[in-house]
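The structure file input-v8.cif is reproduced below (mmCIF, C-alpha atoms and all ligand atoms).
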data_final
#
loop_
_atom_site.label_atom_id
_atom_site.label_comp_id
_atom_site.auth_asym_id
_atom_site.auth_seq_id
_atom_site.Cartn_x
_atom_site.Cartn_y
_atom_site.Cartn_z
CA MET K 1005 118.31 105.15 114.50
CA ALA K 1006 114.69 106.22 114.30
CA PRO K 1007 112.09 104.73 111.98
CA ARG K 1008 112.27 106.18 108.48
CA LYS K 1009 109.21 108.24 107.63
CA LEU K 1010 107.16 106.80 104.78
CA ALA K 1011 104.26 108.29 102.82
CA ALA K 1012 102.78 105.34 100.92
CA GLY K 1013 99.97 105.41 98.39
CA ASN K 1014 97.89 102.31 97.66
CA TRP K 1015 96.09 102.85 94.38
CA LYS K 1016 94.13 99.58 94.75
CA MET K 1017 92.29 98.78 91.47
CA ASN K 1018 92.47 102.37 90.25
CA GLY K 1019 94.65 104.32 87.85
CA ASP K 1020 95.71 103.91 84.25
CA LEU K 1021 98.52 104.90 81.91
CA ALA K 1022 97.36 108.50 81.97
CA ALA K 1023 97.94 108.52 85.72
CA LEU K 1024 101.70 108.29 85.16
CA ASP K 1025 101.88 112.08 85.17
CA GLN K 1026 100.69 112.06 88.80
CA ILE K 1027 103.89 110.18 89.72
CA ALA K 1028 106.03 112.81 88.00
CA MET K 1029 104.23 115.59 89.89
CA ILE K 1030 104.67 113.77 93.20
CA GLY K 1031 108.39 113.30 92.47
CA ASP K 1032 108.81 116.94 91.51
CA ALA K 1033 107.44 118.00 94.90
CA GLY K 1034 110.82 117.05 96.41
CA ALA K 1035 110.00 115.29 99.69
CA SER K 1036 112.61 114.41 102.28
CA CYS K 1037 110.62 111.43 103.63
CA ASP K 1038 110.35 108.22 101.61
CA VAL K 1039 107.46 108.34 99.13
CA LEU K 1040 105.99 105.14 97.70
CA ILE K 1041 103.20 104.44 95.23
CA CYS K 1042 101.72 100.95 94.86
CA PRO K 1043 99.82 100.88 91.54
CA PRO K 1044 97.94 97.96 89.99
CA ALA K 1045 100.48 95.35 88.82
CA PRO K 1046 100.28 96.09 85.06
CA LEU K 1047 101.36 99.67 85.75
CA LEU K 1048 104.49 98.68 87.67
CA VAL K 1049 106.84 98.60 84.68
CA PRO K 1050 105.94 101.98 83.14
CA MET K 1051 105.76 103.57 86.58
CA ILE K 1052 109.15 102.27 87.64
CA ALA K 1053 110.58 103.66 84.40
CA GLY K 1054 109.25 107.15 85.17
CA ALA K 1055 109.32 107.13 88.97
CA GLY K 1056 112.27 109.44 89.59
CA PRO K 1057 112.66 109.74 93.38
CA VAL K 1058 109.30 108.02 94.05
CA LYS K 1059 109.57 104.38 95.10
CA ILE K 1060 107.22 101.94 93.41
CA GLY K 1061 105.73 98.88 95.11
CA ALA K 1062 103.19 96.15 94.52
CA GLN K 1063 99.90 95.45 96.28
CA ASP K 1064 100.37 91.71 96.77
CA CYS K 1065 102.70 88.80 96.00
CA HIS K 1066 102.57 85.01 96.09
CA ALA K 1067 104.12 83.11 98.98
CA GLU K 1068 106.22 80.94 96.64
CA ASP K 1069 109.09 82.12 94.47
CA ALA K 1070 107.82 80.54 91.22
CA GLY K 1071 105.52 77.78 90.00
CA ALA K 1072 102.12 76.80 88.68
CA HIS K 1073 100.01 79.64 90.13
CA THR K 1074 98.04 81.17 87.28
CA GLY K 1075 97.46 84.88 87.67
CA ASP K 1076 99.72 85.28 90.68
CA ILE K 1077 102.93 87.32 90.83
CA SER K 1078 106.13 86.36 92.67
CA ALA K 1079 108.08 88.67 94.90
CA VAL K 1080 111.17 87.61 92.95
CA LEU K 1081 109.73 89.05 89.73
CA LEU K 1082 108.59 92.22 91.49
CA ARG K 1083 112.12 92.76 92.73
CA ASP K 1084 113.54 91.99 89.28
CA LEU K 1085 111.30 94.67 87.77
CA GLY K 1086 112.58 97.26 90.25
CA ALA K 1087 109.84 97.33 92.87
CA SER K 1088 111.06 98.20 96.37
CA HIS K 1089 108.06 97.29 98.54
CA VAL K 1090 105.03 95.02 98.52
CA ILE K 1091 101.86 95.38 100.57
CA VAL K 1092 100.75 92.11 102.16
CA GLY K 1093 97.64 91.32 104.16
CA HIS K 1094 95.57 94.35 103.22
CA SER K 1095 92.13 93.93 104.74
CA GLU K 1096 90.57 93.92 101.26
CA ARG K 1097 92.68 90.87 100.38
CA ARG K 1098 92.00 89.26 103.75
CA ALA K 1099 88.26 89.73 103.02
CA ASP K 1100 88.08 89.19 99.23
CA HIS K 1101 90.63 86.35 99.04
CA ALA K 1102 90.24 84.81 102.49
CA GLU K 1103 93.87 85.51 103.38
CA THR K 1104 94.77 84.32 106.88
CA ASP K 1105 97.58 85.54 109.14
CA ALA K 1106 99.56 82.43 108.15
CA MET K 1107 99.20 83.25 104.45
CA VAL K 1108 100.16 86.87 105.05
CA CYS K 1109 103.19 85.70 107.04
CA ALA K 1110 104.27 83.42 104.17
CA LYS K 1111 103.89 86.26 101.66
CA ALA K 1112 105.94 88.61 103.86
CA ALA K 1113 108.64 85.93 104.12
CA ALA K 1114 108.65 85.62 100.31
CA ALA K 1115 109.04 89.39 100.04
CA HIS K 1116 112.01 89.28 102.43
CA ARG K 1117 113.67 86.43 100.49
CA ALA K 1118 113.35 88.51 97.33
CA GLY K 1119 114.81 91.63 98.93
CA LEU K 1120 111.56 93.60 99.10
CA VAL K 1121 110.25 95.56 102.05
CA ALA K 1122 106.97 93.99 103.20
CA ILE K 1123 104.26 96.41 104.33
CA ILE K 1124 102.23 94.14 106.60
CA CYS K 1125 98.67 95.37 107.14
CA LEU K 1126 96.64 94.83 110.30
CA GLY K 1127 93.29 96.19 111.45
CA GLU K 1128 90.16 95.46 113.41
CA THR K 1129 86.61 95.43 112.04
CA GLU K 1130 83.99 97.73 113.49
CA ALA K 1131 82.36 94.80 115.29
CA GLU K 1132 85.68 93.84 116.89
CA ARG K 1133 86.19 97.43 118.09
CA ASP K 1134 82.63 97.62 119.43
CA ASP K 1135 83.29 94.39 121.34
CA GLY K 1136 86.38 95.93 122.96
CA ARG K 1137 88.66 93.43 121.24
CA THR K 1138 90.80 95.82 119.16
CA LEU K 1139 94.08 95.33 121.01
CA ASP K 1140 93.68 91.54 121.14
CA VAL K 1141 92.90 91.40 117.42
CA ILE K 1142 95.89 93.58 116.51
CA ALA K 1143 98.29 91.66 118.77
CA THR K 1144 97.12 88.35 117.31
CA GLN K 1145 97.41 89.59 113.72
CA LEU K 1146 100.90 90.96 114.36
CA ALA K 1147 102.10 87.76 116.03
CA GLY K 1148 100.73 85.64 113.17
CA SER K 1149 101.63 87.85 110.21
CA LEU K 1150 105.22 88.90 111.02
CA PRO K 1151 107.67 86.26 109.79
CA GLU K 1152 110.91 85.09 111.37
CA GLY K 1153 113.76 87.20 110.03
CA ALA K 1154 111.74 90.42 110.03
CA THR K 1155 113.83 93.54 110.70
CA ALA K 1156 113.35 97.30 110.58
CA ALA K 1157 115.04 97.23 107.17
CA ASN K 1158 112.68 94.72 105.55
CA SER K 1159 109.36 95.32 107.31
CA VAL K 1160 106.84 98.11 107.80
CA ILE K 1161 103.61 97.66 109.77
CA ALA K 1162 100.43 99.45 108.65
CA TYR K 1163 97.54 99.80 111.10
CA GLU K 1164 94.38 100.19 109.05
CA PRO K 1165 91.08 99.88 110.94
CA VAL K 1166 88.75 98.18 108.45
CA TRP K 1167 85.90 100.55 109.29
CA ALA K 1168 88.06 103.61 108.53
CA ILE K 1169 89.03 102.53 105.02
CA GLY K 1170 87.28 104.54 102.32
CA THR K 1171 84.62 105.74 104.75
CA GLY K 1172 85.83 109.20 105.70
CA ARG K 1173 85.76 108.05 109.34
CA THR K 1174 88.95 107.88 111.39
CA PRO K 1175 89.67 106.67 114.92
CA SER K 1176 90.28 109.30 117.57
CA LEU K 1177 93.91 110.29 117.98
CA ASP K 1178 93.90 108.46 121.34
CA GLN K 1179 92.66 105.30 119.64
CA ILE K 1180 95.43 105.51 117.04
CA ALA K 1181 97.99 106.17 119.80
CA GLU K 1182 96.80 103.16 121.80
CA VAL K 1183 97.21 100.74 118.88
CA HIS K 1184 100.55 102.17 117.74
CA ALA K 1185 101.92 101.97 121.30
CA LEU K 1186 100.89 98.31 121.43
CA LEU K 1187 102.55 97.63 118.08
CA ARG K 1188 105.76 99.34 119.21
CA ASP K 1189 105.81 97.35 122.48
CA ARG K 1190 105.31 94.04 120.70
CA LEU K 1191 107.92 94.82 118.04
CA VAL K 1192 110.49 95.87 120.64
CA ALA K 1193 109.81 92.66 122.56
CA ARG K 1194 110.21 90.50 119.46
CA LEU K 1195 112.87 92.15 117.27
CA ALA K 1196 116.33 93.46 118.17
CA ASP K 1197 115.58 96.58 116.13
CA GLY K 1198 111.84 96.73 116.82
CA ALA K 1199 112.12 100.37 117.90
CA ASP K 1200 113.10 101.26 114.33
CA VAL K 1201 110.29 99.52 112.42
CA ALA K 1202 108.18 102.16 110.66
CA LEU K 1203 104.52 102.13 111.76
CA LEU K 1204 102.00 103.56 109.30
CA TYR K 1205 98.42 104.59 109.98
CA GLY K 1206 95.92 104.03 107.17
CA GLY K 1207 92.21 104.73 106.72
CA SER K 1208 90.72 107.97 105.38
CA VAL K 1209 93.98 109.94 105.66
CA LYS K 1210 93.40 113.27 103.88
CA PRO K 1211 95.25 116.59 103.58
CA GLY K 1212 92.94 117.96 106.31
CA ASN K 1213 93.71 115.35 108.98
CA ALA K 1214 97.29 114.32 108.14
CA THR K 1215 99.05 116.82 110.41
CA GLU K 1216 97.20 115.75 113.56
CA ILE K 1217 97.62 112.05 112.75
CA PHE K 1218 101.38 112.44 112.15
CA ALA K 1219 101.71 114.11 115.57
CA VAL K 1220 100.54 110.90 117.30
CA PRO K 1221 103.43 109.04 118.99
CA HIS K 1222 104.74 106.07 116.97
CA VAL K 1223 103.01 107.15 113.77
CA ASP K 1224 105.88 107.19 111.26
CA GLY K 1225 103.81 107.73 108.14
CA ALA K 1226 100.63 106.75 106.36
CA LEU K 1227 99.23 104.22 103.94
CA VAL K 1228 96.85 106.32 101.86
CA GLY K 1229 94.18 105.05 99.49
CA GLY K 1230 91.85 107.52 97.79
CA ALA K 1231 93.90 110.62 98.58
CA SER K 1232 97.00 109.12 96.92
CA LEU K 1233 95.37 108.97 93.47
CA LYS K 1234 95.79 112.66 92.76
CA ALA K 1235 99.09 114.45 93.27
CA ALA K 1236 97.16 117.53 94.42
CA ASP K 1237 95.85 115.54 97.42
CA PHE K 1238 98.91 113.39 98.10
CA ILE K 1239 101.53 116.15 98.00
CA PRO K 1240 100.07 118.03 101.03
CA ILE K 1241 100.00 114.74 102.98
CA ILE K 1242 103.67 114.17 102.12
CA ALA K 1243 104.43 117.75 103.19
CA ALA K 1244 102.64 117.19 106.50
CA LEU K 1245 104.81 114.12 107.14
CA ASP K 1246 107.96 116.05 106.30
CA ALA K 1247 106.91 118.74 108.76
CA ALA K 1248 106.06 116.30 111.58
O1 LIG A 1301 93.11 101.03 102.54
C1 LIG A 1301 93.74 102.07 102.56
C2 LIG A 1301 95.16 102.10 102.14
O2 LIG A 1301 95.68 100.82 102.01
C3 LIG A 1301 93.11 103.34 102.98
O3 LIG A 1301 92.21 103.73 102.00
P1 LIG A 1301 91.54 105.21 102.11
O4 LIG A 1301 92.67 106.16 102.33
O5 LIG A 1301 90.88 105.38 100.77
O6 LIG A 1301 90.59 105.16 103.27
#

Would it be possible to restate this file's structure as structure tokens?
Ligand SMILES: O=C(CO)COP(=O)(O)O
Amino acid sequence: MAPRKLAAGNWKMNGDLAALDQIAMIGDAGASCDVLICPPAPLLVPMIAGAGPVKIGAQDCHAEDAGAHTGDISAVLLRDLGASHVIVGHSERRADHAETDAMVCAKAAAAHRAGLVAIICLGETEAERDDGRTLDVIATQLAGSLPEGATAANSVIAYEPVWAIGTGRTPSLDQIAEVHALLRDRLVARLADGADVALLYGGSVKPGNATEIFAVPHVDGALVGGASLKAADFIPIIAALDAA
């Protein structure tokens, strides 16, 4: 087996009911790789209803299956609604909500219990890269964020350098290759099927740079923010992944 290719869109706190037609256009494009959109939570139900071949996922879940947690959403409910994936540990949640590796690990475990694929996000800050600590930071985040019981079927790892998100800046292809090789090594060492875990790159992926990024060894897809909001931008990225 090889990792399944995945083109994933993270809409963050963007999109509305009118954006449902973007999903239909993305579905109509007829990709052979897996295509996933993660809209804001209130859009999950109408999007799942109209998703066609596009998979729909959430941007976060709680670590517990149910309980007194006002405003939070359980992985169990997400699965019940028809979501297939949930992003955990995005750097915006690590920063805005002080999420630690241990919290991200607990959320990923909740996703697995519920039958969701957890997309576990990792990434260094610009200061960490400037200090030469990128590989240490990524290895530590992976070790702390990947729960027991993770497999290639229930887990995807997304490498998203914090300084590349929404900035139009991307690492060099060698820098992406170095981190993805480290992730692959660590996953193979830890999981029986670590060679088959899909590894996504995220951070300013656009139609213009997707082809070269997808040619990097151990890049099995992308987690796309801004360029996933419009089908006209996301469809060429999906096509680049199909062609890789
Ligand atoms: O954070 C991201 C996806 O989760 C990347 O966002 P951009 O593609 O907008 O840089």

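Closest approach to ligand LIG 1301 (chain A) among K:Val1092, K:Ala1115, K:Leu1187, K:Ala1156: K:Val1092, based on all atoms listed in the file.
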
Item to complete: Measure the distance from atom CA of Asp1038 of chain K to atom CA of Gly1230 of chain K in Å and round it to one decimal.
Response: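 About the pair atom CA of Asp1038 of chain K and atom CA of Gly1230 of chain K: they are 18.9 Å apart.
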
Practice prompt. Write out as a PyMOL selection string each polymer residue whose atoms come within 9 Å of segment 1021-1027 of chain K, counting only C-alpha atoms; drop sequence neighbours fewer than 4 positions from it.
Written response: chain K and resi 1031-1032+1041+1047+1050-1051+1054-1056+1058+1233-1236

Same residues, C-alpha atoms, output as a short mmCIF file (atom, residue, chain, number, x, y, z; two decimals), in the coordinates of the input:
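Writing done, so here's again18.cif:
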data_model
loop_
_atom_site.label_atom_id
_atom_site.label_comp_id
_atom_site.auth_asym_id
_atom_site.auth_seq_id
_atom_site.Cartn_x
_atom_site.Cartn_y
_atom_site.Cartn_z
CA GLY K 1031 108.39 113.30 92.47
CA ASP K 1032 108.81 116.94 91.51
CA ILE K 1041 103.20 104.44 95.23
CA LEU K 1047 101.36 99.67 85.75
CA PRO K 1050 105.94 101.98 83.14
CA MET K 1051 105.76 103.57 86.58
CA GLY K 1054 109.25 107.15 85.17
CA ALA K 1055 109.32 107.13 88.97
CA GLY K 1056 112.27 109.44 89.59
CA VAL K 1058 109.30 108.02 94.05
CA LEU K 1233 95.37 108.97 93.47
CA LYS K 1234 95.79 112.66 92.76
CA ALA K 1235 99.09 114.45 93.27
CA ALA K 1236 97.16 117.53 94.42
#

Practice prompt. Please check which protein, DNA or RNA residues sit within 9 Å of ligand LIG 1301 (chain A), counting only C-alpha atoms and all ligand atoms, and write them as an MDAnalysis selection string.
Written response: chainID K and resid 1012:1016 1063 1091 1094:1096 1125 1162 1164:1174 1205:1210 1226:1232

Keeping C-alpha atoms for every residue in the selection just given, could you write it to a file as a short mmCIF file (atom, residue, chain, number, x, y, z; two decimals), in the frame of the given file?
data_model
loop_
_atom_site.label_atom_id
_atom_site.label_comp_id
_atom_site.auth_asym_id
_atom_site.auth_seq_id
_atom_site.Cartn_x
_atom_site.Cartn_y
_atom_site.Cartn_z
CA ALA K 1012 102.78 105.34 100.92
CA GLY K 1013 99.97 105.41 98.39
CA ASN K 1014 97.89 102.31 97.66
CA TRP K 1015 96.09 102.85 94.38
CA LYS K 1016 94.13 99.58 94.75
CA GLN K 1063 99.90 95.45 96.28
CA ILE K 1091 101.86 95.38 100.57
CA HIS K 1094 95.57 94.35 103.22
CA SER K 1095 92.13 93.93 104.74
CA GLU K 1096 90.57 93.92 101.26
CA CYS K 1125 98.67 95.37 107.14
CA ALA K 1162 100.43 99.45 108.65
CA GLU K 1164 94.38 100.19 109.05
CA PRO K 1165 91.08 99.88 110.94
CA VAL K 1166 88.75 98.18 108.45
CA TRP K 1167 85.90 100.55 109.29
CA ALA K 1168 88.06 103.61 108.53
CA ILE K 1169 89.03 102.53 105.02
CA GLY K 1170 87.28 104.54 102.32
CA THR K 1171 84.62 105.74 104.75
CA GLY K 1172 85.83 109.20 105.70
CA ARG K 1173 85.76 108.05 109.34
CA THR K 1174 88.95 107.88 111.39
CA TYR K 1205 98.42 104.59 109.98
CA GLY K 1206 95.92 104.03 107.17
CA GLY K 1207 92.21 104.73 106.72
CA SER K 1208 90.72 107.97 105.38
CA VAL K 1209 93.98 109.94 105.66
CA LYS K 1210 93.40 113.27 103.88
CA ALA K 1226 100.63 106.75 106.36
CA LEU K 1227 99.23 104.22 103.94
CA VAL K 1228 96.85 106.32 101.86
CA GLY K 1229 94.18 105.05 99.49
CA GLY K 1230 91.85 107.52 97.79
CA ALA K 1231 93.90 110.62 98.58
CA SER K 1232 97.00 109.12 96.92
#

Item to complete: Identify, on the basis of all atoms listed in the file, every residue whose closest approach to His1222 of chain K does not exceed 8 Å; exclude the query and any residue fewer than 4 positions from it along the same chain; express the result as a PyMOL selection string.
Response: chain K and resi 1181+1184-1185+1188+1203

Item to complete: Excluding Ala1202 of chain K and any residue of its chain fewer than 2 positions from it, enumerate the residues within 8 Å of it, using only C-alpha atoms, and give them as a PyMOL selection string.
Response: chain K and resi 1007-1010+1156+1159-1161+1200+1204+1223-1225

Just the residues within 9 Å of Ala1244 of chain K, please, counting all atoms listed in the file, with nothing from its chain fewer than 5 positions along; format it as a PDB file with C-alpha atoms, in the frame of the given file.
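Result saved to result00.pdb:
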ATOM      1  CA  PRO K1211      95.250 116.590 103.580  1.00  0.00           C
ATOM      2  CA  ALA K1214      97.290 114.320 108.140  1.00  0.00           C
ATOM      3  CA  THR K1215      99.050 116.820 110.410  1.00  0.00           C
ATOM      4  CA  PHE K1218     101.380 112.440 112.150  1.00  0.00           C
ATOM      5  CA  ILE K1239     101.530 116.150  98.000  1.00  0.00           C
TER       6      ILE K1239
END

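Taking atom CA of Asp1197 of chain K as the reference point, atom CA of Leu1150 of chain K is found at 13.9 Å.
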
Fill in: Coordinates-based distance that separates atom CA of Tyr1163 of chain K from atom CA of Leu1040 of chain K (Å, one decimal)
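Going from atom CA of Leu1040 of chain K over to atom CA of Tyr1163 of chain K, I get 16.7 Å.
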
Practice prompt. Compare K:Ala1011, K:Met1017, K:Leu1177, K:Ala1112 by their minimum atom-to-atom distance to Leu1146 of chain K, counting all atoms listed in the file, and give me the closest one.
Written response: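 Distance minimum relative to Leu1146 of chain K lands on K:Ala1112.
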
Can you take segment 1107-1165 of chain K from the block and write C-alpha atoms as a PDB file, in the first residue's frame?
ATOM      1  CA  MET K1107      -4.529  18.155  24.399  1.00  0.00           C
ATOM      2  CA  VAL K1108      -4.079  17.556  20.680  1.00  0.00           C
ATOM      3  CA  CYS K1109      -3.236  13.913  21.408  1.00  0.00           C
ATOM      4  CA  ALA K1110      -6.422  13.523  23.482  1.00  0.00           C
ATOM      5  CA  LYS K1111      -8.515  15.089  20.710  1.00  0.00           C
ATOM      6  CA  ALA K1112      -6.971  12.779  18.099  1.00  0.00           C
ATOM      7  CA  ALA K1113      -7.742   9.802  20.355  1.00  0.00           C
ATOM      8  CA  ALA K1114     -11.366  11.002  20.633  1.00  0.00           C
ATOM      9  CA  ALA K1115     -11.534  11.234  16.841  1.00  0.00           C
ATOM     10  CA  HIS K1116     -10.249   7.660  16.536  1.00  0.00           C
ATOM     11  CA  ARG K1117     -12.768   6.353  19.092  1.00  0.00           C
ATOM     12  CA  ALA K1118     -15.536   7.972  17.059  1.00  0.00           C
ATOM     13  CA  GLY K1119     -14.325   6.510  13.765  1.00  0.00           C
ATOM     14  CA  LEU K1120     -13.007   9.761  12.300  1.00  0.00           C
ATOM     15  CA  VAL K1121      -9.684  10.293  10.573  1.00  0.00           C
ATOM     16  CA  ALA K1122      -7.630  12.771  12.625  1.00  0.00           C
ATOM     17  CA  ILE K1123      -5.556  15.267  10.639  1.00  0.00           C
ATOM     18  CA  ILE K1124      -2.882  16.110  13.203  1.00  0.00           C
ATOM     19  CA  CYS K1125      -1.155  19.432  12.508  1.00  0.00           C
ATOM     20  CA  LEU K1126       2.462  20.221  13.373  1.00  0.00           C
ATOM     21  CA  GLY K1127       4.702  23.157  12.528  1.00  0.00           C
ATOM     22  CA  GLU K1128       7.520  25.347  13.721  1.00  0.00           C
ATOM     23  CA  THR K1129       7.374  29.107  14.261  1.00  0.00           C
ATOM     24  CA  GLU K1130       9.710  31.396  12.388  1.00  0.00           C
ATOM     25  CA  ALA K1131      11.781  31.930  15.544  1.00  0.00           C
ATOM     26  CA  GLU K1132      12.166  28.178  16.008  1.00  0.00           C
ATOM     27  CA  ARG K1133      13.336  27.795  12.395  1.00  0.00           C
ATOM     28  CA  ASP K1134      15.759  30.714  12.739  1.00  0.00           C
ATOM     29  CA  ASP K1135      17.175  29.021  15.851  1.00  0.00           C
ATOM     30  CA  GLY K1136      17.796  25.820  13.888  1.00  0.00           C
ATOM     31  CA  ARG K1137      15.297  23.909  16.010  1.00  0.00           C
ATOM     32  CA  THR K1138      12.768  22.916  13.314  1.00  0.00           C
ATOM     33  CA  LEU K1139      13.435  19.175  13.326  1.00  0.00           C
ATOM     34  CA  ASP K1140      13.480  18.987  17.141  1.00  0.00           C
ATOM     35  CA  VAL K1141      10.206  20.909  17.368  1.00  0.00           C
ATOM     36  CA  ILE K1142       8.499  18.720  14.764  1.00  0.00           C
ATOM     37  CA  ALA K1143       9.751  15.469  16.318  1.00  0.00           C
ATOM     38  CA  THR K1144       8.565  16.584  19.759  1.00  0.00           C
ATOM     39  CA  GLN K1145       5.155  17.661  18.461  1.00  0.00           C
ATOM     40  CA  LEU K1146       4.705  14.372  16.599  1.00  0.00           C
ATOM     41  CA  ALA K1147       5.717  12.269  19.598  1.00  0.00           C
ATOM     42  CA  GLY K1148       3.348  14.197  21.871  1.00  0.00           C
ATOM     43  CA  SER K1149       0.380  14.627  19.539  1.00  0.00           C
ATOM     44  CA  LEU K1150       0.043  11.151  17.969  1.00  0.00           C
ATOM     45  CA  PRO K1151      -2.058   8.895  20.214  1.00  0.00           C
ATOM     46  CA  GLU K1152      -1.675   5.191  20.902  1.00  0.00           C
ATOM     47  CA  GLY K1153      -3.743   3.260  18.388  1.00  0.00           C
ATOM     48  CA  ALA K1154      -2.910   5.583  15.499  1.00  0.00           C
ATOM     49  CA  THR K1155      -2.783   3.843  12.113  1.00  0.00           C
ATOM     50  CA  ALA K1156      -2.529   4.843   8.467  1.00  0.00           C
ATOM     51  CA  ALA K1157      -6.302   4.372   8.253  1.00  0.00           C
ATOM     52  CA  ASN K1158      -7.214   6.760  11.077  1.00  0.00           C
ATOM     53  CA  SER K1159      -4.445   9.375  10.989  1.00  0.00           C
ATOM     54  CA  VAL K1160      -3.014  11.952   8.604  1.00  0.00           C
ATOM     55  CA  ILE K1161      -0.139  14.264   9.539  1.00  0.00           C
ATOM     56  CA  ALA K1162      -0.072  17.847   8.226  1.00  0.00           C
ATOM     57  CA  TYR K1163       3.195  19.795   8.324  1.00  0.00           C
ATOM     58  CA  GLU K1164       2.301  23.475   8.395  1.00  0.00           C
ATOM     59  CA  PRO K1165       5.138  25.896   9.198  1.00  0.00           C
TER      60      PRO K1165
END
